[in-house]
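Below: one structure, written as structure tokens.
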Amino acid sequence: MLIGELFERDPKRYIEPIVKVDEHDPMVVRTELEEYVVTEDIRDDFSNIVDRFIESRRAVPESVCGWISGFFGSGKSHFLKMLGYVLSDRPIQLEDGAEIGAASYFCNKHGIRGAAILERELRTKALFVNVLYEYDISREASLSRIVYRALLREMGFAENFWIAEIERTLQARGLWERFLKFVEESEGRPWQEIRRMEVLARSILAHGLHKLDSKRFPTFELAERSLADVRDFTVTPTLLAERLLHEAEALDKKAGRLVVLLDEVGLYVGDNPDRLMDLNALAEQITRIGKGKVWLLVTAQEALEEVIPKIEAYAGQFQKIRDRFQIKVSLTPENIDTVVKKRLLEKSPEASRLRKLNDLYRAYSGSLATAALIKNPARDYRGLFTRLDQQEFVASYPLMPYHVRLMQEVFGLLRSRGRASFELTGQERAVLKVAQALLVGVEDRPGLADRPLGELATFDVVYDAIDEELKVVRSSEQAMIKKDIAELGEREGMRADSVAKALYLLQEVRSWLPCTVENIAAVLYPCLGADKAEIESKVRACLDVLKQGNWVTEEDGKFRFLTHVERTFEQLVKGQFVGEGDRRELTSEVMKGVLKELRTYNYRGIRTFNVLLTGDDEEITSKGHLKLCFYSPLRSASQKDLKESVMLKSLANPDTLIGYARQTPDLKGPLRELSR
């Protein structure tokens, strides 16, 4: 039996790698609605926001701003998008081609009240803005400008602010349709195409204003001057809030609502105080001017309480911003674990298929618990990393129960690495997509769906699944793995680069998960029934060759990649020639340090004697009442008759106490390394 035969749905079906709030393709949206997994916590949060939104019919709500936070991959964007569709009752297309409002479809499916009111008593438009993907954040510094540009596009106006302002004027004066016809007739092209070229658009607008509104613009020159005046048009939080309210009331004076949904605001703000204040100003003006008809919902990886204190200069503003965003939703890492199991790993209810998996588990659960669980993690999530449960295993298979959580932790840290965080956010696959890649296959590596029942997911394939995204981090380790380490081939039947890939991911979380041979072997454990000792032996052999190549170091049984500086230093060290004289010199130095406490001897508190010390026949002290003579392991190894020689010397010198070390065969290697 193949692993792919276990699942309820085809694991190879297309799944969008990332939920984009501004993606409105009917087929994509239908799949996102159908496959959205609503946990109890999500249902409660969703219901709370819907209830607050509905209550705005009776009175202006205390807060219209919401902050949706969650660990990387916890489903913030998906939550925000579904919320926008439900609140606005946006039409969706069912598989049979029929249309239905998102509110009734979603709320009825998941037992959420309020669909009828959203459909009949409120008229809502949702403005979906993907702050991170759609705009160049480094250039587009003002959040108000980003939102206003999205609003203009939603209304069908130009994204150039001053051109859009003229378009709004033409529309307000009832001249819009006539203007579009005028452009089509005079230019032979639609206005939507021409307005992209600002110079040409300016001339046509001036001619259009003069021709269509000759009372206000009796001459072409006057129309042209009026365009120059409006070209200084600027967008402020106050103006944006006014325009948003205007659009809400245009839907219906009383029942009209406009919901602004901003995805990835947390990354937009970062630790930039200007952007934080920009967000605060926008939230303040929407609250003050919006009359409860304009709502602002944003997402961030961090909770609001974690974002504000990072910007120390504005920590005093924290209370004000917190008061603005009273609606708070915190999506936990468990959500994505549930999503992966429900959307991808859900097993077929056919008893015969599950029976085979359960039989395998019962046969090998002991070795699985010993070999594939994590040893000594500093923190454990519901026992996922250290305990094995049959139900959890079956639900997660062919992943181990802790795999999804571990991927989240690793990806979150990779994502936040320095200046690469924005790029990683835009390119990195969601945990769901990586889990699917394990089933489908990566490049030339076959997927688990086509493999025999009993095989398990391994973290070297997780690395391969995000290989393109990892290039954004531009680490020296990746280049080494791809080129130098890949050329090492196998050791005892395991590829050295497989071990390197697993270590690369695990070292991201080494602060709480020890990168030991056991734990690296655990995330590379290939199948039920595999021999633990054999897998660990293979991992150790690969780690040894990585250490020899100066790629990896071992400290107290824990492994990590050497940094570029460390590798350079190690290469310099290994290039040093060490002779016998160097080893003797180091040995003498160590002996002097060890024996220095014996320079004097106090006899019962009555008298202190000086001690004459020698090491390998070299004086350590020059005089003394007592004589102590020691010989090092290096001397024992190099002088085969040392014992006999010492015995003769002892007989000839009754006032001397002599000690010598046993031979230590592996001493020369460490001495050589220390000397280097």
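How things are named: the first chain in the structure tokens is A, the next is B, and so on; residues count from 1 in each chain; ligands count from 1 in the order shown.
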Can you list, as a compact mmCIF listing (two decimals) with N, CA and C atoms, in the first residue's frame, all residues belonging to stretch 16-264 of chain A that DSSP tags as helix (DSSP H, G or I)?
```
# COMPACT_ATOMS: atom_id res chain seq x y z
N PRO A 26 -12.21 33.71 -8.71
CA PRO A 26 -13.33 32.95 -8.13
C PRO A 26 -12.97 31.55 -7.70
N MET A 27 -12.16 30.83 -8.49
CA MET A 27 -11.80 29.46 -8.14
C MET A 27 -10.91 29.42 -6.91
N VAL A 28 -9.97 30.37 -6.83
CA VAL A 28 -9.07 30.43 -5.68
C VAL A 28 -9.86 30.74 -4.41
N VAL A 29 -10.74 31.74 -4.50
CA VAL A 29 -11.53 32.14 -3.34
C VAL A 29 -12.45 31.00 -2.89
N ARG A 30 -13.06 30.31 -3.85
CA ARG A 30 -13.95 29.20 -3.49
C ARG A 30 -13.19 28.13 -2.71
N THR A 31 -11.98 27.80 -3.19
CA THR A 31 -11.17 26.80 -2.48
C THR A 31 -10.80 27.29 -1.09
N GLU A 32 -10.42 28.56 -0.98
CA GLU A 32 -10.04 29.11 0.33
C GLU A 32 -11.21 29.09 1.30
N LEU A 33 -12.42 29.35 0.80
CA LEU A 33 -13.61 29.30 1.66
C LEU A 33 -13.96 27.87 2.04
N GLU A 34 -13.91 26.98 1.05
CA GLU A 34 -14.29 25.59 1.31
C GLU A 34 -13.33 24.91 2.28
N GLU A 40 -12.29 26.11 17.36
CA GLU A 40 -13.19 26.75 18.34
C GLU A 40 -12.75 28.19 18.62
N ASP A 41 -11.43 28.39 18.75
CA ASP A 41 -10.93 29.74 19.03
C ASP A 41 -11.23 30.68 17.87
N ILE A 42 -11.02 30.19 16.64
CA ILE A 42 -11.28 31.03 15.47
C ILE A 42 -12.76 31.36 15.39
N ARG A 43 -13.62 30.38 15.65
CA ARG A 43 -15.07 30.64 15.62
C ARG A 43 -15.44 31.72 16.64
N ASP A 44 -14.87 31.65 17.83
CA ASP A 44 -15.17 32.66 18.85
C ASP A 44 -14.71 34.05 18.41
N ASP A 45 -13.49 34.14 17.88
CA ASP A 45 -12.96 35.44 17.44
C ASP A 45 -13.78 36.00 16.28
N PHE A 46 -14.12 35.13 15.35
CA PHE A 46 -14.92 35.55 14.19
C PHE A 46 -16.28 36.08 14.64
N SER A 47 -16.92 35.32 15.51
CA SER A 47 -18.25 35.70 16.01
C SER A 47 -18.19 37.03 16.75
N ASN A 48 -17.13 37.23 17.53
CA ASN A 48 -16.99 38.48 18.28
C ASN A 48 -16.92 39.68 17.36
N ILE A 49 -16.14 39.58 16.28
CA ILE A 49 -16.01 40.71 15.35
C ILE A 49 -17.31 40.93 14.59
N VAL A 50 -17.95 39.85 14.15
CA VAL A 50 -19.24 39.99 13.45
C VAL A 50 -20.27 40.65 14.35
N ASP A 51 -20.33 40.23 15.62
CA ASP A 51 -21.28 40.83 16.57
C ASP A 51 -21.02 42.32 16.75
N ARG A 52 -19.75 42.69 16.93
CA ARG A 52 -19.41 44.11 17.09
C ARG A 52 -19.81 44.91 15.84
N PHE A 53 -19.54 44.31 14.69
CA PHE A 53 -19.84 45.00 13.42
C PHE A 53 -21.34 45.22 13.28
N ILE A 54 -22.13 44.21 13.60
CA ILE A 54 -23.58 44.32 13.51
C ILE A 54 -24.12 45.35 14.50
N GLU A 55 -23.53 45.41 15.69
CA GLU A 55 -23.99 46.35 16.72
C GLU A 55 -23.79 47.80 16.30
N LYS A 76 -3.01 34.17 9.57
CA LYS A 76 -3.53 35.55 9.74
C LYS A 76 -4.16 36.07 8.46
N SER A 77 -3.46 35.90 7.33
CA SER A 77 -3.96 36.42 6.06
C SER A 77 -5.26 35.73 5.67
N HIS A 78 -5.33 34.43 5.91
CA HIS A 78 -6.53 33.66 5.58
C HIS A 78 -7.71 34.15 6.43
N PHE A 79 -7.46 34.35 7.72
CA PHE A 79 -8.49 34.84 8.64
C PHE A 79 -8.98 36.21 8.17
N LEU A 80 -8.05 37.11 7.86
CA LEU A 80 -8.40 38.47 7.45
C LEU A 80 -9.22 38.46 6.17
N LYS A 81 -8.81 37.63 5.22
CA LYS A 81 -9.52 37.59 3.93
C LYS A 81 -10.93 37.05 4.11
N MET A 82 -11.08 35.96 4.87
CA MET A 82 -12.42 35.43 5.10
C MET A 82 -13.30 36.43 5.82
N LEU A 83 -12.71 37.16 6.76
CA LEU A 83 -13.46 38.19 7.49
C LEU A 83 -13.95 39.27 6.54
N GLY A 84 -13.08 39.71 5.63
CA GLY A 84 -13.48 40.72 4.65
C GLY A 84 -14.60 40.25 3.76
N TYR A 85 -14.51 39.01 3.31
CA TYR A 85 -15.56 38.46 2.44
C TYR A 85 -16.89 38.34 3.18
N VAL A 86 -16.83 37.91 4.44
CA VAL A 86 -18.07 37.72 5.20
C VAL A 86 -18.71 39.06 5.55
N LEU A 87 -17.94 40.01 6.08
CA LEU A 87 -18.50 41.30 6.47
C LEU A 87 -19.11 42.04 5.28
N ALA A 102 -21.02 35.48 0.51
CA ALA A 102 -20.04 34.81 1.38
C ALA A 102 -20.54 34.72 2.82
N ALA A 103 -21.35 35.70 3.24
CA ALA A 103 -21.82 35.72 4.64
C ALA A 103 -22.65 34.48 4.95
N SER A 104 -23.68 34.22 4.13
CA SER A 104 -24.54 33.08 4.41
C SER A 104 -23.78 31.76 4.22
N TYR A 105 -22.92 31.69 3.18
CA TYR A 105 -22.17 30.45 2.93
C TYR A 105 -21.27 30.12 4.12
N PHE A 106 -20.48 31.08 4.54
CA PHE A 106 -19.47 30.85 5.58
C PHE A 106 -20.12 30.69 6.96
N CYS A 107 -21.02 31.62 7.29
CA CYS A 107 -21.62 31.59 8.64
C CYS A 107 -22.47 30.35 8.86
N ASN A 108 -23.24 29.96 7.85
CA ASN A 108 -24.07 28.75 8.00
C ASN A 108 -23.20 27.50 8.11
N LYS A 109 -22.11 27.49 7.35
CA LYS A 109 -21.22 26.33 7.38
C LYS A 109 -20.55 26.14 8.73
N HIS A 110 -20.21 27.26 9.39
CA HIS A 110 -19.43 27.17 10.62
C HIS A 110 -20.19 27.61 11.87
N ALA A 115 -25.51 36.28 9.68
CA ALA A 115 -25.44 36.33 8.22
C ALA A 115 -26.61 37.12 7.63
N ALA A 116 -27.80 36.93 8.17
CA ALA A 116 -28.98 37.60 7.62
C ALA A 116 -28.86 39.11 7.73
N ILE A 117 -28.33 39.59 8.85
CA ILE A 117 -28.19 41.05 9.04
C ILE A 117 -27.13 41.60 8.09
N LEU A 118 -26.02 40.87 7.93
CA LEU A 118 -24.96 41.31 7.02
C LEU A 118 -25.49 41.38 5.58
N GLU A 119 -26.41 40.47 5.24
CA GLU A 119 -26.95 40.43 3.88
C GLU A 119 -27.99 41.53 3.64
N ARG A 120 -28.89 41.74 4.61
CA ARG A 120 -30.08 42.56 4.35
C ARG A 120 -30.05 43.95 4.96
N VAL A 131 -0.21 45.05 2.09
CA VAL A 131 0.80 46.09 2.26
C VAL A 131 2.17 45.62 1.80
N LEU A 132 2.49 44.37 2.08
CA LEU A 132 3.85 43.89 1.83
C LEU A 132 4.11 43.55 0.38
N TYR A 133 3.20 42.84 -0.25
CA TYR A 133 3.46 42.34 -1.59
C TYR A 133 3.23 43.37 -2.68
N GLU A 134 2.26 44.24 -2.49
CA GLU A 134 1.81 45.06 -3.59
C GLU A 134 2.62 46.33 -3.78
N LEU A 143 1.50 55.03 5.06
CA LEU A 143 0.43 54.04 5.04
C LEU A 143 -0.84 54.65 4.46
N SER A 144 -1.06 55.92 4.73
CA SER A 144 -2.25 56.59 4.19
C SER A 144 -2.22 56.61 2.66
N ARG A 145 -1.04 56.82 2.09
CA ARG A 145 -0.91 56.83 0.63
C ARG A 145 -1.16 55.44 0.05
N ILE A 146 -0.64 54.42 0.74
CA ILE A 146 -0.85 53.04 0.29
C ILE A 146 -2.34 52.71 0.26
N VAL A 147 -3.04 53.05 1.33
CA VAL A 147 -4.47 52.75 1.41
C VAL A 147 -5.25 53.57 0.38
N TYR A 148 -4.89 54.84 0.23
CA TYR A 148 -5.63 55.69 -0.70
C TYR A 148 -5.46 55.19 -2.14
N ARG A 149 -4.27 54.75 -2.47
CA ARG A 149 -4.05 54.22 -3.82
C ARG A 149 -4.91 52.98 -4.06
N ALA A 150 -5.02 52.12 -3.06
CA ALA A 150 -5.88 50.94 -3.19
C ALA A 150 -7.35 51.35 -3.32
N LEU A 151 -7.75 52.38 -2.60
CA LEU A 151 -9.14 52.87 -2.69
C LEU A 151 -9.43 53.40 -4.08
N LEU A 152 -8.49 54.16 -4.64
CA LEU A 152 -8.68 54.70 -5.98
C LEU A 152 -8.83 53.58 -7.00
N ARG A 153 -8.00 52.56 -6.88
CA ARG A 153 -8.08 51.45 -7.81
C ARG A 153 -9.41 50.73 -7.68
N GLU A 154 -9.90 50.57 -6.45
CA GLU A 154 -11.19 49.92 -6.22
C GLU A 154 -12.33 50.71 -6.86
N MET A 155 -12.21 52.04 -6.88
CA MET A 155 -13.24 52.91 -7.44
C MET A 155 -13.10 53.09 -8.95
N PHE A 161 -2.41 60.36 -7.90
CA PHE A 161 -3.34 61.07 -7.03
C PHE A 161 -3.99 62.29 -7.69
N TRP A 162 -3.20 63.13 -8.37
CA TRP A 162 -3.79 64.36 -8.90
C TRP A 162 -4.70 64.07 -10.08
N ILE A 163 -4.34 63.06 -10.88
CA ILE A 163 -5.24 62.68 -11.99
C ILE A 163 -6.55 62.13 -11.43
N ALA A 164 -6.45 61.31 -10.38
CA ALA A 164 -7.65 60.76 -9.76
C ALA A 164 -8.53 61.87 -9.20
N GLU A 165 -7.92 62.94 -8.71
CA GLU A 165 -8.70 64.05 -8.15
C GLU A 165 -9.53 64.73 -9.24
N ILE A 166 -8.97 64.89 -10.42
CA ILE A 166 -9.72 65.46 -11.54
C ILE A 166 -10.84 64.51 -11.94
N GLU A 167 -10.54 63.20 -11.96
CA GLU A 167 -11.57 62.21 -12.31
C GLU A 167 -12.73 62.27 -11.33
N ARG A 168 -12.44 62.41 -10.05
CA ARG A 168 -13.50 62.51 -9.04
C ARG A 168 -14.36 63.75 -9.28
N THR A 169 -13.70 64.85 -9.67
CA THR A 169 -14.43 66.09 -9.95
C THR A 169 -15.36 65.91 -11.14
N LEU A 170 -14.86 65.28 -12.19
CA LEU A 170 -15.69 65.03 -13.37
C LEU A 170 -16.88 64.14 -13.02
N GLN A 171 -16.64 63.15 -12.18
CA GLN A 171 -17.72 62.26 -11.79
C GLN A 171 -18.76 63.01 -10.95
N ALA A 172 -18.27 63.83 -10.01
CA ALA A 172 -19.18 64.59 -9.14
C ALA A 172 -20.05 65.56 -9.94
N TRP A 176 -18.42 62.43 -16.20
CA TRP A 176 -17.47 61.34 -16.32
C TRP A 176 -17.68 60.52 -17.60
N GLU A 177 -18.90 60.09 -17.85
CA GLU A 177 -19.16 59.27 -19.03
C GLU A 177 -18.89 60.05 -20.31
N ARG A 178 -19.26 61.34 -20.32
CA ARG A 178 -19.01 62.17 -21.50
C ARG A 178 -17.50 62.33 -21.74
N PHE A 179 -16.74 62.45 -20.66
CA PHE A 179 -15.29 62.59 -20.78
C PHE A 179 -14.67 61.32 -21.38
N LEU A 180 -15.11 60.16 -20.91
CA LEU A 180 -14.58 58.90 -21.44
C LEU A 180 -14.87 58.78 -22.94
N LYS A 181 -16.07 59.19 -23.33
CA LYS A 181 -16.43 59.14 -24.75
C LYS A 181 -15.60 60.12 -25.57
N PHE A 182 -15.37 61.32 -24.99
CA PHE A 182 -14.56 62.34 -25.66
C PHE A 182 -13.14 61.82 -25.92
N VAL A 183 -12.53 61.19 -24.94
CA VAL A 183 -11.17 60.66 -25.10
C VAL A 183 -11.14 59.56 -26.16
N GLU A 184 -12.11 58.67 -26.11
CA GLU A 184 -12.17 57.57 -27.07
C GLU A 184 -12.26 58.09 -28.50
N GLU A 185 -13.10 59.13 -28.68
CA GLU A 185 -13.30 59.67 -30.03
C GLU A 185 -12.09 60.46 -30.52
N SER A 186 -11.48 61.24 -29.61
CA SER A 186 -10.38 62.10 -30.03
C SER A 186 -9.04 61.38 -30.12
N GLU A 187 -8.85 60.36 -29.30
CA GLU A 187 -7.56 59.68 -29.24
C GLU A 187 -7.59 58.27 -29.83
N TRP A 191 -9.45 55.95 -22.07
CA TRP A 191 -8.79 56.81 -21.09
C TRP A 191 -7.94 56.00 -20.10
N GLN A 192 -8.40 54.82 -19.71
CA GLN A 192 -7.67 54.00 -18.74
C GLN A 192 -6.27 53.66 -19.22
N GLU A 193 -6.09 53.61 -20.52
CA GLU A 193 -4.78 53.33 -21.09
C GLU A 193 -3.94 54.61 -21.16
N ILE A 194 -4.56 55.71 -21.54
CA ILE A 194 -3.84 56.97 -21.73
C ILE A 194 -3.35 57.56 -20.41
N GLU A 198 1.61 60.37 -17.84
CA GLU A 198 1.20 61.59 -17.16
C GLU A 198 1.21 62.82 -18.08
N VAL A 199 2.24 62.94 -18.94
CA VAL A 199 2.34 64.12 -19.81
C VAL A 199 1.17 64.17 -20.78
N LEU A 200 0.87 63.05 -21.41
CA LEU A 200 -0.24 62.99 -22.35
C LEU A 200 -1.57 63.18 -21.63
N ALA A 201 -1.69 62.58 -20.43
CA ALA A 201 -2.93 62.69 -19.67
C ALA A 201 -3.23 64.14 -19.30
N ARG A 202 -2.18 64.90 -18.97
CA ARG A 202 -2.39 66.30 -18.57
C ARG A 202 -2.99 67.12 -19.71
N SER A 203 -2.47 66.93 -20.91
CA SER A 203 -2.96 67.68 -22.07
C SER A 203 -4.41 67.32 -22.38
N ILE A 204 -4.72 66.02 -22.35
CA ILE A 204 -6.08 65.58 -22.67
C ILE A 204 -7.07 66.04 -21.61
N LEU A 205 -6.65 66.01 -20.34
CA LEU A 205 -7.53 66.49 -19.27
C LEU A 205 -7.86 67.97 -19.46
N ALA A 206 -6.85 68.76 -19.82
CA ALA A 206 -7.08 70.20 -20.02
C ALA A 206 -8.07 70.43 -21.17
N HIS A 207 -7.87 69.72 -22.29
CA HIS A 207 -8.80 69.86 -23.42
C HIS A 207 -10.20 69.39 -23.03
N GLY A 208 -10.26 68.29 -22.26
CA GLY A 208 -11.56 67.77 -21.86
C GLY A 208 -12.30 68.71 -20.95
N LEU A 209 -11.60 69.29 -19.97
CA LEU A 209 -12.25 70.24 -19.05
C LEU A 209 -12.77 71.46 -19.81
N HIS A 210 -11.98 71.99 -20.74
CA HIS A 210 -12.38 73.16 -21.52
C HIS A 210 -13.60 72.84 -22.39
N LYS A 211 -13.62 71.66 -23.00
CA LYS A 211 -14.70 71.31 -23.92
C LYS A 211 -15.99 70.96 -23.18
N LEU A 212 -15.85 70.19 -22.11
CA LEU A 212 -17.04 69.66 -21.45
C LEU A 212 -17.57 70.57 -20.34
N PHE A 220 -8.58 77.09 -22.72
CA PHE A 220 -7.69 75.94 -22.51
C PHE A 220 -6.62 76.27 -21.47
N GLU A 221 -6.12 77.53 -21.53
CA GLU A 221 -5.07 77.96 -20.61
C GLU A 221 -5.55 77.92 -19.16
N LEU A 222 -6.81 78.33 -18.94
CA LEU A 222 -7.36 78.32 -17.59
C LEU A 222 -7.48 76.87 -17.08
N ALA A 223 -7.91 75.99 -17.95
CA ALA A 223 -8.02 74.58 -17.57
C ALA A 223 -6.66 74.01 -17.22
N GLU A 224 -5.64 74.39 -18.00
CA GLU A 224 -4.29 73.90 -17.76
C GLU A 224 -3.74 74.40 -16.43
N ARG A 225 -4.06 75.69 -16.11
CA ARG A 225 -3.60 76.24 -14.82
C ARG A 225 -4.26 75.53 -13.65
N SER A 226 -5.51 75.16 -13.82
CA SER A 226 -6.22 74.47 -12.73
C SER A 226 -5.60 73.10 -12.47
N LEU A 227 -5.08 72.47 -13.52
CA LEU A 227 -4.40 71.18 -13.34
C LEU A 227 -3.11 71.35 -12.55
N ALA A 228 -2.40 72.45 -12.81
CA ALA A 228 -1.16 72.72 -12.08
C ALA A 228 -1.44 72.88 -10.59
N ASP A 229 -2.58 73.49 -10.26
CA ASP A 229 -2.92 73.69 -8.85
C ASP A 229 -3.16 72.37 -8.13
N VAL A 230 -3.80 71.42 -8.83
CA VAL A 230 -4.18 70.16 -8.16
C VAL A 230 -3.03 69.16 -8.12
N PRO A 237 -3.82 61.35 6.84
CA PRO A 237 -4.76 60.44 7.51
C PRO A 237 -6.17 61.04 7.62
N THR A 238 -6.25 62.36 7.84
CA THR A 238 -7.56 63.01 7.95
C THR A 238 -8.31 62.96 6.63
N LEU A 239 -7.63 63.33 5.54
CA LEU A 239 -8.28 63.30 4.24
C LEU A 239 -8.70 61.89 3.88
N LEU A 240 -7.84 60.90 4.16
CA LEU A 240 -8.17 59.51 3.84
C LEU A 240 -9.41 59.07 4.61
N ALA A 241 -9.48 59.39 5.90
CA ALA A 241 -10.64 59.01 6.70
C ALA A 241 -11.91 59.64 6.14
N GLU A 242 -11.82 60.89 5.70
CA GLU A 242 -12.99 61.57 5.11
C GLU A 242 -13.43 60.88 3.83
N ARG A 243 -12.46 60.52 3.00
CA ARG A 243 -12.80 59.86 1.73
C ARG A 243 -13.39 58.46 1.99
N LEU A 244 -12.85 57.75 2.96
CA LEU A 244 -13.38 56.43 3.30
C LEU A 244 -14.83 56.54 3.79
N LEU A 245 -15.09 57.53 4.63
CA LEU A 245 -16.46 57.75 5.10
C LEU A 245 -17.39 58.10 3.94
N HIS A 246 -16.90 58.94 3.04
CA HIS A 246 -17.70 59.32 1.87
C HIS A 246 -18.10 58.09 1.06
N GLU A 247 -17.15 57.15 0.87
CA GLU A 247 -17.45 55.95 0.10
C GLU A 247 -18.42 55.04 0.84
N ALA A 248 -18.30 54.99 2.17
CA ALA A 248 -19.24 54.18 2.95
C ALA A 248 -20.65 54.73 2.82
N GLU A 249 -20.80 56.03 2.96
CA GLU A 249 -22.13 56.65 2.90
C GLU A 249 -22.67 56.67 1.48
N ALA A 250 -21.78 56.57 0.48
CA ALA A 250 -22.25 56.49 -0.90
C ALA A 250 -22.98 55.17 -1.14
N LEU A 251 -22.60 54.12 -0.39
CA LEU A 251 -23.30 52.84 -0.49
C LEU A 251 -24.70 52.95 0.10
```
#### Entry: In stretch 234-453 of chain A, DSSP strand (DSSP E) residues written as number ranges by chain
A: 256-263, 294-300, 327-331, 441-442, 445-446
### Message
Let me make sure I understand: among A:Asp22, A:Asp544, A:Asp89, A:Glu284, which one has the smallest atom-to-atom distance to A:Leu262 if we use only C-alpha atoms?
### Response
A:Asp22
### Task
Using only C-alpha atoms, determine which residues lie at most 8 Å from stretch 432-445 of chain A, disregarding the query and same-chain residues fewer than 5 positions distant; provide the list as a count of residues only.
18
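You can rank A:Thr600, A:Ser396, A:Asn519, A:Ser88 by their closest distance to A:Thr370 using only C-alpha atoms, and at the top of that list sits A:Asn519.
Nearest residue to A:Ala303, choosing from A:Gly575, A:Trp67, A:Asp531, A:Ser214 and counting only C-alpha atoms: A:Trp67.
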## Note on the structure
Taken to one decimal, the atom CA of A:Leu634-atom CA of A:Val578 distance is 14.7 Å
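As for atom CA of A:Arg540 and atom CA of A:Ile520, they are spaced 9.5 Å apart.
Between A:Arg405 and the candidates A:Pro218, A:Pro333, A:Pro514, A:Gly489, the tightest atom-to-atom separation, counting only C-alpha atoms, involves A:Pro333.
Shell of A:Gly579 at 10 Å, with only C-alpha atoms counted and residues fewer than 4 places along the chain excluded, is Arg583, Arg584, Arg672 and Ser675 of chain A.
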